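Trainee: Have a look at this one before I ask anything.
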Amino acid sequence: MRKLLFNWKWTISDLTLLILLFLMTFSLSSQKSISYSLIFAVCLVVSMTMVAAFLTQLYKKDVHSLSASRLLFCTLSMSAIAGVTQLLLGAPVETVTLSVLVLICYLLITRISYQYKVRGESRLVNTASEQKKRLLIIGAGEAGRLFADRLRHKKQYDIAGFVDDDYKKIGLEIGSIPVLSEIKLLKSTALKFQVDQLVVAIPSLNREKLRQIMQLCIETGLKTQVIPSIEDLVNGKPIHQTRDVHIDDLLGREEVALDETKLRETVTNKVVLVTGAGGSIGSEICRQLIRLQPKKLILLGHGENSIYLIERELRGLTSIPLQCMIADIRDADAIEQVMYTHRPEIVYHAAAHKHVPLMEQNPYDSIKNNIFGTRHVAQAAHKAGVERFVMISSDKAVDPPNIMGATKRVAEMIIQQVAKQSDTKFAVVRFGNVLGSRGSVIPLFQQQIANGGPITLTDKRMTRYFMTIPEAARLVLQGSSLTEGGEIFILDMGKPVKIIDLAQNLIRLSGHELEDIPIVETGIREGEKLHETLLGEQEQLLHKVFNKIYVGATQSCTQQELDEFLAVILQTPVEDIKGKLLSFANQRQRVVAESRG
C-alpha cells in the first residue's frame with residue numbers, strides 16, 4: 001500500500017504541472033482568456049500525455065528504481081504524444097516546441113534529482129549501519145511464525161520468506177510473509193531472493209531430518225542459525241535466541257534418551273560425587289544430575305578455577321546443596337578423606353588425562369593419573385560402602401597402540417577386579433570422541449578457520465566415532481542405573497565419521513568456500529590410530545541392555561597379575577615404559593568364553 005501511495009503522489013504531481021503547463025502554452029498561443037474550448041484542449045492533451053505515461057509504465061515502479069533507458073523512453077514517449085496532440089488541435093509549431101522542451105526538461109530533471117537523493121540516502125544508511133540481512137526462515141509452522149513476529153521490530157533484518165515441506169503452504173502468506181518454496185529447493189530459492197542468512201525454525205526436528213536440512217544449508221554457502229529446541233523452549237529459552245549451527249547437528253544419529261524413571265529411582269535423594277567435575281564430561285554430568293534432584297552433589301576436581309565456574313553455574317540453576325572439593329585423585333589419603341567425610345552413595349569418575357600426543361610425552365604422569373588415580377578412587381569408594389560407581393573410559397582403550405589408551409584399558413581392569421571383591425556396583429562406560437570437549441579436534445578447527453586457515457589434520461583417511469557431550473553424559477548416567485557390577489557398557493555409535501568431512505563442513509558452516517581455507521595433512525602422530533573401534537579384536541558384544549547400549553565381553557586379568565604390574569610399572573625406565581604398558585594392556589584383552597544372554 002505504501003508503494004502504491006508513493007506512485008500516486010508522483011501521478012498527482014505530474015498531472016498538476018501538466019495542466020498548468022498546457023494551460024499556459026494554449027493561452028499564450030491563442031492570446032485569449034480561459035474558455036471552454038481552451039479547457040477542452042488542455043484536458044485532451046493532458047489526458048493523452050497521462051495515457052502515454054501509464055502505457056510506458058512510468059508509475060509501475062518506484063521512480064528511484066527506473067533505469068536511465070526506461071526514464072528516457074518514458075519521457076520521449078510522453079513528450080511526443082503531447083506535441084502531436086497539440087498540433088492536431090491547431091497549436092502553433094513554436095508553442096508546441098516550447099511545451100515539449102519544457103515537458104522533457106521537467107520529467108528528466110525531477111526524476112534524476114530524486115534518484116540521486118534516494119541513492120545518496122541509501123549509501124549513507126548502509127555506511128552508518130550495515131545493510132539489512134535478508135533472512136530465509138526454514139519452517140513455516142508455529143515456531144517459524146513466532147520467530148518472524150519477534151524479528152519484525154529489529155531494523156537490521158529483512159525476512160525474505162519461508163520455505164516449508166508442506167506443499168499446501170506454498171504461495172500462501174503467514175503474517176504477510178510469503179511461503180516461497182519447498183525445503184528441497186532451498187539453494188535455488190536463497191539465490192533467487194538474494195538471501196544473506198538462513199534460520200532453521202523447526203524445534204521438533206529429529207536428528208536425521210536436521211542433518212538432511214543442514215546438508216542443504218551447507219550447499220547454499222550461507223551462514224545458518226537454529227532456534228532453540230523444544231526442550232530449551234520448555235525450559236524458558238526465548239524463541240528468538242538463535243545459535244550457530246554446531247557440527248554435531250550433522251551427526252544424523254538420534255541421541256540416546258534417558259530412562260528417567262529408572263534414573264530417578266537411582267539418583268533422587270542420594271549423595272552424589274563427580275570427579276573431574278570441572279571438565280567437559282564431568283560438568284555436563286553435573287548439569288544433568290541436578291534435574292534428578294540428588295540430596296547433595298559433591299564437585300571434586302584438581303583445578304580450582306574449573307570447579308569454581310561449574311559451581312557458580314549450577315547455583316544459578318538449583319537449590320540442591322553443592323559441595324566443592326579441591327583434591328587430586330593421585331592423593332589416596334585425600335580421596336579417602338572425601339569419601340569418609342561426605343559418604344557419597346553414587347560416584348561418577350570422570351577425572352582423567354585424555355590427550356593422546358601429550359601423554360606420549362608424559363607417560364609417568366598419565367600412569368599416575370589414569371591408572372593409580374582410578375585405583376585410589378575405586379578403593380576409597382569400596383571402603384566407604386558406595387552403592388554405585390561408574391568410570392568413564394574411551395574407545396582408545398581398545399587394542400591400544402598409545403600410552404593414553406593403554407592407561408585407560410588398565411583402569412578398566414582395575415574396576416573389573418574391584419567389582420569382584422566389593423558390594424559396590426562398579427561399571428565402566430566406553431564411548432568414542434566427544435564433540436566440543438577440551439582437547440577435541442573441533443575447537444581446533446574452529447580456531448584455525450577464524451584465523452583464515454590452514455586447517456591441519458594428520459591424515460585425510462582418518463575416521464572417528466563421535467558423540468555429543470550431553471549424549472556422553474546421558475550414557476554415563478544410564479550406566480549407573482543399569483549396572484549389576486563389573487560391566488563395560490558400549491554405545492552403538494553408528495558409522496564412523498571421516499575427519500576431513502568434519503573439517504569441510506565446518507568451513508562451509510562458517511560461511512567460507514572450501515577454496516578459502518586450505519586443508520593440510522601433517523602426518524599421523526605417535527600413538528594415533530587411523531581408525532578407532534569400540535570393540536577389540538578379541539572382544540564381542542554380549543547383549544543389549546538399553547536402547548543402543550550393550551555389554552561388552554572383555555576378560556580382565558587376575559588380581560595377582562594386576563598387583564605385580566602396578567608394583568613395577570612406575571620403576572620401569574622411560575625408554576621401556578611404553579612397551580611394558582602396551583604389552584600388559586593388549587595381552588590381557590581376551591574373549592569371554594560364555595555369553596551371558
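Going through the C-alpha cells in order, the chains are called A, B, and so on, while each chain numbers its residues from 1 and the ligands are numbered from 1 in the order shown.
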Quick one: pick out all strand (DSSP E or B) residues within segment 372-485 of chain A from a backbone DSSP run and write them as a ChimeraX atom specification.

Mentor: /A:388-392,425-430,433-435,455-457,463-464,466-468

Trainee: Output C-alpha atoms for every residue in that selection, as a CSV table (one decimal), in the first residue's frame.

Mentor:
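Generated file (again21.csv):
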chain,number,residue,atom,x,y,z
A,388,ARG,CA,27.3,-47.5,42.6
A,389,PHE,CA,30.4,-46.4,40.8
A,390,VAL,CA,30.8,-45.6,37.1
A,391,MET,CA,34.1,-44.9,35.4
A,392,ILE,CA,34.3,-43.2,32.1
A,425,LYS,CA,28.2,-52.0,41.9
A,426,PHE,CA,31.2,-51.0,39.7
A,427,ALA,CA,30.8,-50.3,35.9
A,428,VAL,CA,32.7,-48.9,33.0
A,429,VAL,CA,31.2,-46.8,30.2
A,430,ARG,CA,33.2,-46.8,26.9
A,433,ASN,CA,35.3,-39.0,20.7
A,434,VAL,CA,33.2,-36.2,22.2
A,435,LEU,CA,32.4,-33.2,20.1
A,455,ILE,CA,43.2,-26.5,8.8
A,456,THR,CA,45.7,-29.1,9.9
A,457,LEU,CA,44.8,-32.8,10.1
A,463,THR,CA,37.9,-41.7,10.8
A,464,ARG,CA,36.5,-41.4,14.3
A,466,PHE,CA,31.7,-39.1,17.5
A,467,MET,CA,29.0,-38.2,20.1
A,468,THR,CA,27.9,-35.0,21.8

Trainee: So which residues of segment 244-488 of chain A fall under alpha helix (DSSP H) by DSSP, listed as a PyMOL selection string?

Mentor: chain A and resi 260-267+280-289+304-315+332-342+356-361+363-366+373-384+403-421+441-450+469-482

Trainee: Using only C-alpha atoms, which residues sit within 6 Å of segment 305-316 of chain A once same-chain residues fewer than 2 positions away are excluded, as a list of chain:residue names?

Mentor: A:Gly278, A:Gly303, A:Thr318

Trainee: Hey, can you spit out that residue selection with C-alpha atoms as a CSV table (one decimal), in the first residue's frame?

Mentor:
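Output below, filename again-v8.csv:
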chain,number,residue,atom,x,y,z
A,278,GLY,CA,35.1,-29.1,36.1
A,303,GLY,CA,41.7,-27.2,39.1
A,318,THR,CA,19.3,-25.3,41.5

Trainee: Got a sec: who's within 8 Å of Leu506 of chain A, counting only C-alpha atoms, leaving out chain neighbours fewer than 3 positions off, as a list in words?

Mentor: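 Counting only the stated atoms, we get Ile247, Phe445, Gln446, Leu502, Ala503, Leu509 and Ser510 of chain A.
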
Trainee: Work out how far apart atom CA of Arg409 of chain A and atom CA of Ile371 of chain A are and give it in Å to one decimal.

Mentor: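 Separation of atom CA of Arg409 of chain A and atom CA of Ile371 of chain A: 8.8 Å.
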
Trainee: I'd like the neighbourhood of Thr268 of chain A as an MDAnalysis selection string, where a residue qualifies if any of its atoms comes within 6 Å (using only C-alpha atoms), though same-chain residues fewer than 4 positions away should be ignored.

Mentor: chainID A and resid 264 292:294

Trainee: Hey, can you spit out that residue selection with all heavy atoms as a CSV table (one decimal), in the first residue's frame?

Mentor:
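Output file out_13.csv follows:
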chain,number,residue,atom,x,y,z
A,264,ARG,N,15.7,-41.8,38.2
A,264,ARG,CA,15.2,-41.1,39.4
A,264,ARG,C,15.2,-42.1,40.6
A,264,ARG,O,15.5,-41.7,41.7
A,264,ARG,CB,13.9,-40.5,39.2
A,264,ARG,CG,13.9,-39.3,38.2
A,264,ARG,CD,12.6,-38.5,38.2
A,264,ARG,NE,12.7,-37.4,37.2
A,264,ARG,CZ,13.2,-36.2,37.5
A,264,ARG,NH1,13.7,-36.0,38.7
A,264,ARG,NH2,13.2,-35.3,36.6
A,292,LEU,N,17.7,-34.5,38.3
A,292,LEU,CA,17.2,-35.7,39.0
A,292,LEU,C,17.1,-35.5,40.5
A,292,LEU,O,16.8,-36.5,41.2
A,292,LEU,CB,18.2,-36.8,38.7
A,292,LEU,CG,18.3,-37.2,37.2
A,292,LEU,CD1,19.5,-38.1,36.9
A,292,LEU,CD2,17.0,-37.7,36.6
A,293,GLN,N,17.4,-34.3,41.0
A,293,GLN,CA,17.2,-34.0,42.4
A,293,GLN,C,18.0,-34.9,43.4
A,293,GLN,O,17.4,-35.5,44.3
A,293,GLN,CB,15.8,-34.0,42.8
A,293,GLN,CG,14.9,-32.9,42.0
A,293,GLN,CD,15.3,-31.5,42.4
A,293,GLN,OE1,15.3,-31.2,43.6
A,293,GLN,NE2,15.7,-30.7,41.5
A,294,PRO,N,19.3,-35.0,43.3
A,294,PRO,CA,20.1,-35.7,44.3
A,294,PRO,C,20.0,-34.9,45.7
A,294,PRO,O,19.7,-33.7,45.7
A,294,PRO,CB,21.5,-35.7,43.8
A,294,PRO,CG,21.6,-34.5,42.9
A,294,PRO,CD,20.2,-34.4,42.3

Trainee: Restricting the calculation to only C-alpha atoms, which member of A:Pro363, A:Ile403, A:Arg287, A:Asn505 is positioned closest to Thr572 of chain A?

Mentor: A:Pro363

Trainee: So the first atom is atom CA of Leu205 of chain A and the second is atom CA of Leu186 of chain A; what is the distance between them in Å, to one decimal place?

Mentor: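 So the answer is 17.0 Å.
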
Trainee: Using only C-alpha atoms, can you tell me which of A:Gly139, A:Pro228, A:Pro573, A:Gly221 comes closest to Val163 of chain A?

Mentor: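 Residue with the minimum atom-to-atom distance to Val163 of chain A: A:Gly139.
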
Trainee: Quick one, how far is atom CA of Thr85 of chain A from atom CA of Leu107 of chain A?

Mentor: 18.3 Å
